[in-house]
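Asker: Next up, coords_31.csv (CSV, C-alpha atoms and all ligand atoms).
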chain,number,residue,atom,x,y,z
K,3,MET,CA,2.8,-61.5,-60.3
K,4,LYS,CA,2.5,-58.2,-58.2
K,5,LEU,CA,2.6,-58.7,-54.4
K,6,LYS,CA,-1.0,-57.3,-54.1
K,7,THR,CA,-2.3,-59.7,-56.7
K,8,LEU,CA,-0.5,-62.6,-55.0
K,9,ILE,CA,-2.0,-61.7,-51.6
K,10,LEU,CA,-5.5,-61.4,-53.1
K,11,ALA,CA,-5.1,-64.8,-54.8
K,12,LEU,CA,-4.0,-66.5,-51.6
K,13,ALA,CA,-6.8,-64.9,-49.6
K,14,SER,CA,-9.4,-66.0,-52.1
K,15,ALA,CA,-7.9,-69.5,-52.2
K,16,ALA,CA,-8.2,-69.5,-48.4
K,17,LEU,CA,-11.9,-68.6,-48.7
K,18,ILE,CA,-12.6,-71.3,-51.3
K,19,SER,CA,-10.8,-74.1,-49.6
K,20,PRO,CA,-10.2,-73.2,-45.9
K,21,ILE,CA,-9.4,-76.9,-45.3
K,22,ALA,CA,-6.2,-76.5,-47.4
K,23,PHE,CA,-5.1,-74.0,-44.8
K,24,ALA,CA,-6.4,-75.8,-41.7
K,25,GLN,CA,-3.5,-76.9,-39.4
K,26,ALA,CA,-2.4,-80.5,-40.0
K,27,PRO,CA,-3.2,-82.7,-36.9
K,28,ILE,CA,-0.5,-83.4,-34.3
K,29,VAL,CA,0.4,-87.1,-34.8
K,30,ILE,CA,1.1,-89.4,-31.9
K,31,LYS,CA,2.6,-92.7,-32.9
K,32,PHE,CA,1.7,-95.2,-30.1
K,33,SER,CA,3.7,-98.4,-30.5
K,34,HIS,CA,3.2,-101.5,-28.4
K,35,VAL,CA,4.1,-105.3,-28.5
K,36,VAL,CA,0.9,-107.0,-27.5
K,37,ALA,CA,-2.3,-108.1,-29.3
K,38,LYS,CA,-5.2,-105.6,-29.6
K,39,ASP,CA,-7.4,-107.9,-27.5
K,40,THR,CA,-5.4,-107.5,-24.3
K,41,PRO,CA,-5.7,-104.9,-21.4
K,42,LYS,CA,-2.9,-102.8,-22.9
K,43,GLY,CA,-4.2,-103.2,-26.5
K,44,LYS,CA,-7.7,-102.1,-25.5
K,45,ALA,CA,-6.5,-99.2,-23.3
K,46,ALA,CA,-4.3,-97.9,-26.2
K,47,ASP,CA,-7.3,-97.9,-28.5
K,48,ARG,CA,-9.4,-96.2,-25.8
K,49,PHE,CA,-6.7,-93.5,-25.4
K,50,LYS,CA,-6.7,-93.0,-29.2
K,51,GLU,CA,-10.5,-92.6,-29.2
K,52,LEU,CA,-10.5,-90.1,-26.3
K,53,ALA,CA,-7.5,-88.1,-27.4
K,54,GLU,CA,-8.9,-87.5,-30.9
K,55,LYS,CA,-12.4,-86.7,-29.4
K,56,ASN,CA,-11.1,-84.4,-26.7
K,57,THR,CA,-8.9,-82.4,-29.0
K,58,LYS,CA,-11.6,-82.3,-31.7
K,59,GLY,CA,-9.2,-83.9,-34.2
K,60,ARG,CA,-6.3,-81.6,-33.5
K,61,VAL,CA,-4.4,-84.7,-32.4
K,62,LYS,CA,-4.3,-88.0,-34.4
K,63,VAL,CA,-3.2,-91.1,-32.6
K,64,GLU,CA,-1.8,-93.9,-34.7
K,65,VAL,CA,-1.7,-97.2,-32.7
K,66,TYR,CA,0.8,-99.8,-33.9
K,67,PRO,CA,0.0,-103.0,-31.9
K,68,ASN,CA,1.7,-106.4,-31.6
K,69,SER,CA,5.3,-105.3,-32.5
K,70,THR,CA,4.0,-104.2,-36.0
K,71,LEU,CA,6.1,-101.0,-35.9
K,72,TYR,CA,8.8,-101.8,-33.3
K,73,LYS,CA,9.6,-104.8,-31.1
K,74,ASP,CA,11.0,-104.8,-27.6
K,75,LYS,CA,14.2,-102.7,-27.1
K,76,GLU,CA,13.8,-101.1,-30.6
K,77,GLU,CA,10.7,-99.3,-29.3
K,78,MET,CA,12.5,-97.7,-26.4
K,79,GLU,CA,15.3,-96.5,-28.8
K,80,ALA,CA,12.7,-95.2,-31.2
K,81,LEU,CA,10.9,-93.2,-28.4
K,82,GLN,CA,14.1,-91.6,-27.3
K,83,LEU,CA,14.9,-90.6,-30.9
K,84,GLY,CA,11.4,-89.2,-31.4
K,85,ALA,CA,10.6,-91.7,-34.1
K,86,VAL,CA,7.5,-92.6,-32.0
K,87,GLN,CA,5.9,-90.5,-29.4
K,88,MET,CA,4.2,-92.9,-27.0
K,89,LEU,CA,4.8,-96.4,-25.6
K,90,ALA,CA,3.6,-98.5,-22.7
K,91,PRO,CA,6.4,-101.0,-22.0
K,92,SER,CA,6.3,-103.6,-19.3
K,93,LEU,CA,7.8,-102.3,-16.0
K,94,ALA,CA,10.4,-105.1,-16.5
K,95,LYS,CA,11.9,-103.4,-19.5
K,96,PHE,CA,13.4,-100.2,-18.0
K,97,GLY,CA,16.6,-101.8,-16.5
K,98,PRO,CA,18.5,-101.5,-19.8
K,99,LEU,CA,17.5,-97.8,-19.9
K,100,GLY,CA,19.4,-97.5,-16.7
K,101,VAL,CA,16.4,-97.1,-14.4
K,102,ARG,CA,16.8,-100.3,-12.6
K,103,GLU,CA,14.4,-99.3,-9.7
K,104,PHE,CA,11.4,-100.3,-11.9
K,105,GLU,CA,12.5,-103.9,-11.5
K,106,VAL,CA,11.0,-103.7,-8.0
K,107,PHE,CA,7.7,-104.6,-9.7
K,108,ASP,CA,9.2,-107.9,-10.8
K,109,LEU,CA,10.1,-109.1,-7.4
K,110,PRO,CA,8.2,-112.4,-6.7
K,111,TYR,CA,5.2,-111.9,-4.4
K,112,ILE,CA,6.0,-108.2,-3.7
K,113,PHE,CA,2.3,-107.3,-4.1
K,114,PRO,CA,0.0,-109.4,-2.0
K,115,SER,CA,-3.0,-107.8,-3.7
K,116,LYS,CA,-3.9,-105.3,-6.4
K,117,ASP,CA,-4.9,-102.9,-3.6
K,118,VAL,CA,-1.3,-102.8,-2.5
K,119,LEU,CA,-0.2,-102.4,-6.1
K,120,TYR,CA,-2.5,-99.4,-6.7
K,121,ARG,CA,-1.3,-97.7,-3.5
K,122,VAL,CA,2.2,-97.9,-5.0
K,123,THR,CA,1.4,-96.9,-8.6
K,124,GLU,CA,-1.1,-94.2,-7.7
K,125,GLY,CA,1.0,-92.8,-4.7
K,126,PRO,CA,4.3,-91.1,-4.1
K,127,ILE,CA,6.4,-94.2,-4.8
K,128,GLY,CA,5.0,-94.5,-8.3
K,129,LYS,CA,5.4,-90.8,-8.9
K,130,SER,CA,9.0,-90.8,-7.8
K,131,LEU,CA,9.8,-93.7,-10.1
K,132,LEU,CA,8.3,-92.0,-13.2
K,133,LYS,CA,10.4,-88.9,-12.3
K,134,LYS,CA,13.5,-91.0,-12.8
K,135,LEU,CA,12.7,-91.3,-16.5
K,136,GLU,CA,13.0,-87.6,-17.2
K,137,PRO,CA,16.9,-87.5,-17.4
K,138,LYS,CA,16.5,-90.1,-20.2
K,139,GLY,CA,14.3,-87.7,-22.2
K,140,ILE,CA,11.1,-89.6,-21.2
K,141,THR,CA,8.0,-88.4,-19.4
K,142,GLY,CA,6.0,-91.0,-17.5
K,143,LEU,CA,2.2,-90.4,-17.7
K,144,ALA,CA,0.6,-93.4,-16.0
K,145,TYR,CA,0.7,-97.0,-14.9
K,146,TRP,CA,-1.6,-99.5,-16.6
K,147,ASP,CA,-2.3,-102.9,-15.0
K,148,ASN,CA,-2.2,-106.3,-16.6
K,149,GLY,CA,-2.0,-108.9,-13.9
K,150,PHE,CA,-0.2,-111.7,-12.1
K,151,LYS,CA,1.9,-114.1,-14.1
K,152,VAL,CA,1.5,-117.9,-14.6
K,153,MET,CA,4.4,-120.2,-15.4
K,154,SER,CA,4.2,-122.4,-18.5
K,155,ALA,CA,6.4,-125.2,-19.9
K,156,ASN,CA,6.1,-128.6,-21.7
K,157,THR,CA,6.6,-130.5,-18.4
K,158,PRO,CA,4.4,-130.3,-15.3
K,159,LEU,CA,5.3,-127.4,-12.9
K,160,HIS,CA,3.8,-128.5,-9.5
K,161,SER,CA,6.8,-127.7,-7.2
K,162,PRO,CA,9.8,-125.3,-7.6
K,163,ALA,CA,12.0,-128.4,-8.2
K,164,ASP,CA,10.1,-129.0,-11.5
K,165,MET,CA,11.8,-125.8,-12.8
K,166,LYS,CA,15.3,-127.2,-12.6
K,167,GLY,CA,17.3,-127.0,-15.8
K,168,LEU,CA,14.4,-125.5,-17.9
K,169,LYS,CA,15.3,-122.8,-20.4
K,170,MET,CA,12.8,-120.1,-19.5
K,171,ARG,CA,12.2,-117.0,-21.6
K,172,ILE,CA,12.1,-113.8,-19.5
K,173,GLN,CA,11.9,-110.0,-20.2
K,174,SER,CA,15.0,-107.9,-19.9
K,175,SER,CA,15.0,-107.7,-16.1
K,176,LYS,CA,17.8,-108.7,-13.7
K,177,VAL,CA,15.2,-109.5,-11.1
K,178,LEU,CA,13.5,-112.0,-13.4
K,179,ASP,CA,17.0,-113.4,-14.2
K,180,ALA,CA,17.6,-113.9,-10.5
K,181,GLN,CA,14.1,-115.4,-10.0
K,182,MET,CA,14.6,-118.1,-12.6
K,183,ARG,CA,18.2,-118.9,-11.4
K,184,THR,CA,16.9,-119.2,-7.8
K,185,LEU,CA,14.4,-121.8,-9.1
K,186,GLY,CA,17.3,-123.7,-10.9
K,187,ALA,CA,16.1,-122.7,-14.3
K,188,ASN,CA,18.2,-121.0,-17.1
K,189,PRO,CA,16.7,-117.6,-18.0
K,190,GLN,CA,16.8,-116.4,-21.6
K,191,VAL,CA,16.0,-112.7,-22.4
K,192,MET,CA,14.0,-112.5,-25.6
K,193,ALA,CA,11.7,-110.0,-27.4
K,194,PHE,CA,8.1,-110.7,-26.8
K,195,SER,CA,7.4,-111.0,-30.5
K,196,GLU,CA,9.9,-114.0,-30.7
K,197,VAL,CA,8.5,-116.0,-27.8
K,198,TYR,CA,5.9,-118.1,-29.7
K,199,GLN,CA,8.3,-119.4,-32.3
K,200,ALA,CA,11.0,-120.0,-29.6
K,201,LEU,CA,8.5,-122.2,-27.7
K,202,GLN,CA,7.3,-123.9,-30.8
K,203,THR,CA,10.9,-124.8,-31.9
K,204,GLY,CA,12.2,-125.7,-28.4
K,205,VAL,CA,14.7,-122.8,-28.3
K,206,VAL,CA,13.2,-122.3,-24.9
K,207,ASP,CA,11.2,-124.8,-22.7
K,208,GLY,CA,8.8,-122.3,-21.1
K,209,THR,CA,8.0,-118.8,-20.0
K,210,GLU,CA,5.9,-116.7,-17.7
K,211,ASN,CA,3.2,-114.1,-18.5
K,212,PRO,CA,-0.3,-113.1,-17.4
K,213,PRO,CA,-3.0,-115.2,-19.1
K,214,SER,CA,-4.0,-112.4,-21.4
K,215,ASN,CA,-0.6,-112.5,-23.1
K,216,LEU,CA,-0.3,-116.3,-23.0
K,217,TYR,CA,-3.6,-116.7,-24.7
K,218,THR,CA,-3.5,-113.9,-27.3
K,219,GLN,CA,0.0,-115.0,-28.5
K,220,LYS,CA,-1.3,-118.6,-28.6
K,221,MET,CA,1.4,-119.8,-26.3
K,222,HIS,CA,-1.0,-122.4,-24.8
K,223,GLU,CA,-0.8,-124.2,-28.2
K,224,VAL,CA,2.9,-124.8,-27.8
K,225,GLN,CA,3.0,-125.3,-24.0
K,226,LYS,CA,1.7,-128.6,-22.6
K,227,HIS,CA,1.4,-127.3,-19.0
K,228,VAL,CA,0.4,-124.1,-17.4
K,229,SER,CA,0.6,-123.6,-13.6
K,230,MET,CA,-1.4,-120.9,-11.8
K,231,THR,CA,1.6,-119.7,-9.8
K,232,ASN,CA,0.7,-116.0,-9.7
K,233,HIS,CA,4.2,-115.6,-8.5
K,234,GLY,CA,4.9,-112.1,-9.9
K,235,TYR,CA,3.3,-109.0,-11.4
K,236,LEU,CA,3.3,-107.6,-14.9
K,237,GLY,CA,2.2,-103.9,-15.5
K,238,TYR,CA,3.2,-101.0,-17.7
K,239,ALA,CA,4.4,-97.4,-17.6
K,240,VAL,CA,2.8,-95.3,-20.3
K,241,ILE,CA,5.6,-93.0,-21.5
K,242,VAL,CA,6.1,-90.2,-24.0
K,243,ASN,CA,9.1,-88.5,-25.6
K,244,LYS,CA,9.7,-85.6,-23.2
K,245,LYS,CA,10.6,-83.0,-25.9
K,246,PHE,CA,7.5,-83.8,-27.9
K,247,TRP,CA,5.3,-83.7,-24.7
K,248,ASP,CA,6.8,-80.4,-23.4
K,249,GLY,CA,6.4,-78.9,-26.9
K,250,LEU,CA,2.7,-79.4,-27.1
K,251,PRO,CA,0.3,-76.5,-26.8
K,252,ALA,CA,-0.8,-76.3,-23.2
K,253,ASP,CA,-4.5,-76.8,-24.0
K,254,ILE,CA,-3.7,-79.9,-26.1
K,255,ARG,CA,-1.6,-81.3,-23.3
K,256,THR,CA,-4.4,-80.8,-20.8
K,257,GLU,CA,-6.9,-82.6,-23.1
K,258,LEU,CA,-4.4,-85.5,-23.6
K,259,GLU,CA,-3.9,-85.8,-19.8
K,260,ALA,CA,-7.6,-86.1,-19.4
K,261,ALA,CA,-7.7,-88.8,-22.1
K,262,MET,CA,-4.8,-90.6,-20.3
K,263,LYS,CA,-6.6,-90.4,-17.0
K,264,GLU,CA,-9.8,-92.0,-18.3
K,265,SER,CA,-7.9,-94.7,-20.4
K,266,THR,CA,-5.9,-95.5,-17.3
K,267,ARG,CA,-9.1,-96.0,-15.2
K,268,TYR,CA,-10.4,-98.1,-18.1
K,269,ALA,CA,-7.2,-100.2,-18.3
K,270,ASN,CA,-7.2,-101.0,-14.6
K,271,ALA,CA,-10.9,-101.7,-14.6
K,272,ILE,CA,-10.7,-104.4,-17.3
K,273,ALA,CA,-7.3,-106.0,-16.5
K,274,GLN,CA,-8.6,-108.7,-14.1
K,275,GLN,CA,-11.6,-109.6,-16.2
K,276,GLU,CA,-9.5,-109.8,-19.4
K,277,ASN,CA,-7.1,-112.2,-17.7
K,278,ASP,CA,-9.9,-114.3,-16.3
K,279,LYS,CA,-11.5,-114.5,-19.8
K,280,ALA,CA,-8.2,-115.5,-21.3
K,281,MET,CA,-7.6,-118.2,-18.7
K,282,ALA,CA,-11.1,-119.6,-19.3
K,283,ALA,CA,-10.4,-119.7,-23.0
K,284,VAL,CA,-7.0,-121.5,-22.4
K,285,LYS,CA,-8.8,-124.1,-20.4
K,286,ALA,CA,-11.7,-124.4,-22.9
K,287,SER,CA,-9.1,-124.9,-25.8
K,288,GLY,CA,-8.1,-128.3,-24.3
K,289,LYS,CA,-4.6,-127.6,-25.8
K,290,THR,CA,-2.8,-127.5,-22.4
K,291,THR,CA,-3.1,-128.8,-18.9
K,292,VAL,CA,-3.9,-126.1,-16.4
K,293,TYR,CA,-2.7,-126.9,-12.9
K,294,THR,CA,-3.8,-125.1,-9.7
K,295,LEU,CA,-1.2,-125.3,-6.9
K,296,SER,CA,-2.3,-126.7,-3.6
K,297,GLY,CA,-2.0,-124.5,-0.5
K,298,LYS,CA,1.1,-126.5,0.4
K,299,GLU,CA,2.6,-126.1,-3.0
K,300,GLN,CA,1.9,-122.3,-2.9
K,301,VAL,CA,3.9,-122.1,0.3
K,302,GLU,CA,6.8,-124.1,-1.3
K,303,TRP,CA,7.0,-121.6,-4.3
K,304,ARG,CA,6.9,-118.6,-1.9
K,305,LYS,CA,9.7,-120.1,0.3
K,306,ALA,CA,11.8,-121.0,-2.8
K,307,LEU,CA,11.6,-117.4,-4.1
K,308,VAL,CA,12.1,-115.5,-0.8
K,309,PRO,CA,15.9,-115.1,-1.4
K,310,VAL,CA,15.3,-113.0,-4.5
K,311,GLN,CA,14.3,-109.9,-2.6
K,312,LYS,CA,17.6,-110.0,-0.5
K,313,GLN,CA,19.7,-110.7,-3.7
K,314,MET,CA,18.2,-107.7,-5.4
K,315,GLU,CA,18.5,-105.1,-2.6
K,316,SER,CA,21.8,-103.7,-3.9
K,317,ARG,CA,20.4,-103.4,-7.4
K,318,ILE,CA,17.0,-101.9,-6.6
K,319,GLY,CA,17.6,-100.3,-3.3
K,320,LYS,CA,16.7,-101.6,0.2
K,321,GLU,CA,14.7,-98.5,1.0
K,322,LEU,CA,12.5,-98.9,-2.1
K,323,ILE,CA,11.8,-102.5,-1.4
K,324,SER,CA,10.9,-101.8,2.3
K,325,SER,CA,8.8,-98.8,1.3
K,326,ILE,CA,6.6,-101.2,-0.8
K,327,ASN,CA,6.5,-103.8,2.0
K,328,LYS,CA,5.4,-101.0,4.4
K,329,GLU,CA,2.5,-100.2,2.0
K,330,SER,CA,1.4,-103.9,2.3
K,331,ALA,CA,1.7,-103.7,6.1
K,332,ALA,CA,-0.2,-100.4,6.2
K,333,LEU,CA,-3.1,-102.0,4.2
K,334,LEU,CA,-3.2,-105.0,6.5
K,335,LEU,CA,-3.6,-102.7,9.5
K,336,LYS,CA,-6.4,-100.7,7.9
L,401,LIG,C1,6.6,-109.5,-22.2
L,401,LIG,O1,7.5,-109.1,-22.9
L,401,LIG,O2,6.4,-110.7,-21.8
L,401,LIG,C2,5.5,-108.5,-21.9
L,401,LIG,O3,6.1,-107.4,-21.4
L,401,LIG,C3,4.7,-108.1,-23.1
L,401,LIG,C4,3.8,-107.0,-22.7
L,401,LIG,O4,4.1,-105.8,-23.0
L,401,LIG,O5,2.8,-107.3,-22.0
Represent the structure of the file as structure tokens.

Answerer:
Amino acid sequence: MKLKTLILALASAALISPIAFAQAPIVIKFSHVVAKDTPKGKAADRFKELAEKNTKGRVKVEVYPNSTLYKDKEEMEALQLGAVQMLAPSLAKFGPLGVREFEVFDLPYIFPSKDVLYRVTEGPIGKSLLKKLEPKGITGLAYWDNGFKVMSANTPLHSPADMKGLKMRIQSSKVLDAQMRTLGANPQVMAFSEVYQALQTGVVDGTENPPSNLYTQKMHEVQKHVSMTNHGYLGYAVIVNKKFWDGLPADIRTELEAAMKESTRYANAIAQQENDKAMAAVKASGKTTVYTLSGKEQVEWRKALVPVQKQMESRIGKELISSINKESAALLLK
């Protein structure tokens, strides 16, 4: 076929079916390990909705919840390889990546309130931590809140002494390892997707998580006791593959940043109510005994866990820990 005829044929085809020549959407695979009906699950879906709307369909976000695409550890490797483009791992899961400073968020009682937490995540400390991801080929976009953790096991947990000898599942964080050992328990790192079965079969005796995770993974059905310790925090860093992110057209990136800003506001706005709702459902289920610590018992747990900060100074950095404690003090003086 002569070149002229070929060009005319292609041009007419374009006129007849412009869609065939429309650019394919940019696909963002967003993998996470929690149920859809959790703060992170809902925020991921909100980001999808906003990103596709803001870019008028030039971006398509495929959300893969509840470890359906990748589970813990696998997902971080997949992101660095570019097999997925976006994740929102718990802040307790960056140690194995070599960015151990994120484990500061795991320190027991480091955040006396959400106000202090937001001063950290939305201020210079949070920004500087996200910057540390870039040499790993990762761009940190935002922090999403979940909430404070409760302890659960098949025996009552009223005082720290009740933790002695228990096999407790933790995330891959040396701070959480130190936390459990300081309480006399035996920490066992395990992927989130494996926790329910491990509790059901007795591979581990107990675990810790915010109520939204405990409830949506049905852990309350295989844990006879839940204690409202609120001893530590669990939040997320929303991260993307840096090469992918830097390679986006600037206008698309701007629209995605706006979508991320709004879904972050949404995530943080619903976190507490989602956890309160989950805790109410756990109580209503009648499947487990929920114990609220007395004032005296709360002081006992705090005193028992004070040593962890000192133990972790060399790993996390004394300056970083004291910078967060200074944020707490500054807020108290306000
Ligand atoms: C856990 O592994 O316990 C949590 O990080 C799961 C999650 O992402 O909330």

Asker: Using all atoms listed in the file, find each residue of chain K with at least one atom at most 9 Å away from an atom of ligand LIG 401 (chain L); report its shortest atom-to-atom pair and that distance in Å (one decimal), sort the rows by chain and rising residue number, and return the result as JSON lines.

Answerer:
{"residue": "K:His34", "atom": "CA", "partner": "L:LIG401", "partner_atom": "O4", "distance": 7.0}
{"residue": "K:Val35", "atom": "CA", "partner": "L:LIG401", "partner_atom": "O4", "distance": 5.5}
{"residue": "K:Val36", "atom": "CA", "partner": "L:LIG401", "partner_atom": "C4", "distance": 5.6}
{"residue": "K:Ala37", "atom": "CA", "partner": "L:LIG401", "partner_atom": "O5", "distance": 8.9}
{"residue": "K:Thr40", "atom": "CA", "partner": "L:LIG401", "partner_atom": "O5", "distance": 8.5}
{"residue": "K:Pro41", "atom": "CA", "partner": "L:LIG401", "partner_atom": "O5", "distance": 8.9}
{"residue": "K:Lys42", "atom": "CA", "partner": "L:LIG401", "partner_atom": "O5", "distance": 7.3}
{"residue": "K:Asn68", "atom": "CA", "partner": "L:LIG401", "partner_atom": "O4", "distance": 8.9}
{"residue": "K:Asp74", "atom": "CA", "partner": "L:LIG401", "partner_atom": "O1", "distance": 7.3}
{"residue": "K:Ala90", "atom": "CA", "partner": "L:LIG401", "partner_atom": "O4", "distance": 7.3}
{"residue": "K:Pro91", "atom": "CA", "partner": "L:LIG401", "partner_atom": "O4", "distance": 5.4}
{"residue": "K:Ser92", "atom": "CA", "partner": "L:LIG401", "partner_atom": "O3", "distance": 4.3}
{"residue": "K:Leu93", "atom": "CA", "partner": "L:LIG401", "partner_atom": "O3", "distance": 7.6}
{"residue": "K:Ala94", "atom": "CA", "partner": "L:LIG401", "partner_atom": "O3", "distance": 6.9}
{"residue": "K:Lys95", "atom": "CA", "partner": "L:LIG401", "partner_atom": "O3", "distance": 7.3}
{"residue": "K:Asn148", "atom": "CA", "partner": "L:LIG401", "partner_atom": "O5", "distance": 7.4}
{"residue": "K:Arg171", "atom": "CA", "partner": "L:LIG401", "partner_atom": "O2", "distance": 8.6}
{"residue": "K:Ile172", "atom": "CA", "partner": "L:LIG401", "partner_atom": "O2", "distance": 6.9}
{"residue": "K:Gln173", "atom": "CA", "partner": "L:LIG401", "partner_atom": "O1", "distance": 5.2}
{"residue": "K:Ser174", "atom": "CA", "partner": "L:LIG401", "partner_atom": "O1", "distance": 8.2}
{"residue": "K:Met192", "atom": "CA", "partner": "L:LIG401", "partner_atom": "O1", "distance": 7.8}
{"residue": "K:Ala193", "atom": "CA", "partner": "L:LIG401", "partner_atom": "O1", "distance": 6.2}
{"residue": "K:Phe194", "atom": "CA", "partner": "L:LIG401", "partner_atom": "O1", "distance": 4.3}
{"residue": "K:Ser195", "atom": "CA", "partner": "L:LIG401", "partner_atom": "O1", "distance": 7.8}
{"residue": "K:Val197", "atom": "CA", "partner": "L:LIG401", "partner_atom": "O2", "distance": 8.3}
{"residue": "K:Thr209", "atom": "CA", "partner": "L:LIG401", "partner_atom": "O2", "distance": 8.5}
{"residue": "K:Glu210", "atom": "CA", "partner": "L:LIG401", "partner_atom": "O2", "distance": 7.3}
{"residue": "K:Asn211", "atom": "CA", "partner": "L:LIG401", "partner_atom": "O2", "distance": 5.7}
{"residue": "K:Pro212", "atom": "CA", "partner": "L:LIG401", "partner_atom": "O5", "distance": 8.0}
{"residue": "K:Ser214", "atom": "CA", "partner": "L:LIG401", "partner_atom": "O5", "distance": 8.5}
{"residue": "K:Asn215", "atom": "CA", "partner": "L:LIG401", "partner_atom": "O5", "distance": 6.3}
{"residue": "K:Leu216", "atom": "CA", "partner": "L:LIG401", "partner_atom": "O2", "distance": 8.8}
{"residue": "K:Leu236", "atom": "CA", "partner": "L:LIG401", "partner_atom": "O3", "distance": 7.1}
{"residue": "K:Gly237", "atom": "CA", "partner": "L:LIG401", "partner_atom": "O5", "distance": 7.4}
{"residue": "K:Tyr238", "atom": "CA", "partner": "L:LIG401", "partner_atom": "O4", "distance": 7.2}

Asker: What separation in Å, quoted to one decimal, exists between atom CA of Gln202 of chain K and atom CA of Trp303 of chain K?

Answerer: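 Atom-to-atom, atom CA of Gln202 of chain K to atom CA of Trp303 of chain K, that is 26.6 Å.
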
Asker: So what do you get for atom CA of Gly288 of chain K versus atom CA of Asp39 of chain K, distance-wise?

Answerer: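 Computing it gives 20.7 Å between the two atoms.
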
Asker: Find the residues with any atom within 12 Å of (13.8, -89.3, -30.4); use all atoms listed in the file and the coordinates as given in the file, and write the answer as a list in words.

Answerer: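 Taken together, the residues in range are Lys31, Glu76, Glu77, Met78, Glu79, Ala80, Leu81, Gln82, Leu83, Gly84, Ala85, Val86, Gln87, Met88, Lys138, Gly139, Ile140, Val242, Asn243, Lys244, Lys245, Phe246 and Trp247 of chain K.
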
Asker: Considering only C-alpha atoms, state which residue in the set K:Leu333, K:Ala53, K:Val240, K:Leu71 is at the smallest distance from Tyr120 of chain K.

Answerer: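 Once distances to Tyr120 of chain K are computed over only C-alpha atoms, the minimum belongs to K:Leu333.
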
Asker: Which residues, written as a list in words, have at least one atom at most 10 Å from Met153 of chain K, with only C-alpha atoms counted and residues fewer than 5 positions away on the same chain left out?

Answerer: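 Within the cut-off, the hits are Leu159, Met165, Met170, Gly208, Thr209, Glu210, Asn211, Pro212, Pro213, Leu216, His227, Val228, Ser229, Met230, Thr231, Asn232, His233 and Gly234 of chain K.
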
Asker: Would you mind reading off the distance between atom CA of Asp179 of chain K and atom CA of Val191 of chain K, one decimal, in Å?

Answerer: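 Answer for the atom CA of Asp179 of chain K to atom CA of Val191 of chain K separation: 8.3 Å.
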
Asker: Please, which residues in segment 113-215 of chain K fall within 7 Å of segment 220-226 of chain K when counting all atoms listed in the file, and what is the closest atom pair and distance in Å to one decimal for each, ordered by chain then residue number, as JSON lines?

Answerer:
{"residue": "K:Ser154", "atom": "CA", "partner": "K:Gln225", "partner_atom": "CA", "distance": 6.3}
{"residue": "K:Ala155", "atom": "CA", "partner": "K:Gln225", "partner_atom": "CA", "distance": 5.3}
{"residue": "K:Asn156", "atom": "CA", "partner": "K:Lys226", "partner_atom": "CA", "distance": 4.5}
{"residue": "K:Thr157", "atom": "CA", "partner": "K:Lys226", "partner_atom": "CA", "distance": 6.7}
{"residue": "K:Tyr198", "atom": "CA", "partner": "K:Met221", "partner_atom": "CA", "distance": 5.9}
{"residue": "K:Leu201", "atom": "CA", "partner": "K:Val224", "partner_atom": "CA", "distance": 6.2}
{"residue": "K:Gln202", "atom": "CA", "partner": "K:Val224", "partner_atom": "CA", "distance": 5.4}

Asker: For Lys133 of chain K, which residue among K:Tyr235, K:Phe104, K:Phe49, K:Phe113 is the nearest when counting all atoms listed in the file?

Answerer: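 Using all atoms listed in the file, the shortest distance to Lys133 of chain K belongs to K:Phe104.
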
Asker: Between K:Val152, K:Met314, K:Ala144, K:Leu89, which is the closest to Ser69 of chain K once you count all atoms listed in the file?

Answerer: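 Ranking K:Val152, K:Met314, K:Ala144, K:Leu89 by distance to Ser69 of chain K, first place goes to K:Leu89.
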
Asker: Out of K:Val65, K:Leu52, K:Ala163, K:Val106, which residue has the shortest atom-to-atom distance to Ser325 of chain K when counting only C-alpha atoms?

Answerer: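 Selected residue with least distance to Ser325 of chain K: K:Val106.
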
Asker: With only C-alpha atoms as the basis for distance, which of K:Gln190, K:Ala45, K:Pro114, K:Leu250 is at the shortest distance from Ile30 of chain K?

Answerer: K:Leu250

Asker: Can you tell me which residues surround Glu302 of chain K at a distance of at most 12 Å, considering all atoms listed in the file, apart from same-chain residues fewer than 6 positions away, and format the answer as a list in words?

Answerer: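 Once the adjacent positions are removed, what remains is His160, Ser161, Pro162, Ala163, Asp164, Leu185, Thr231, His233, Leu295, Ser296 and Val308 of chain K.
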
Asker: Could you check the closest approach to Ala187 of chain K for each of K:Val206, K:Ala286, K:Val61, K:Ala252 and tell me which residue wins, using all atoms listed in the file?

Answerer: K:Val206

Asker: Taking (4.2, -92.8, -16.6) in the file's own coordinates, collect the residues within 8 Å, counting all atoms listed in the file, and hand them back as a PyMOL selection string.

Answerer: chain K and resi 132+141-145+239-241
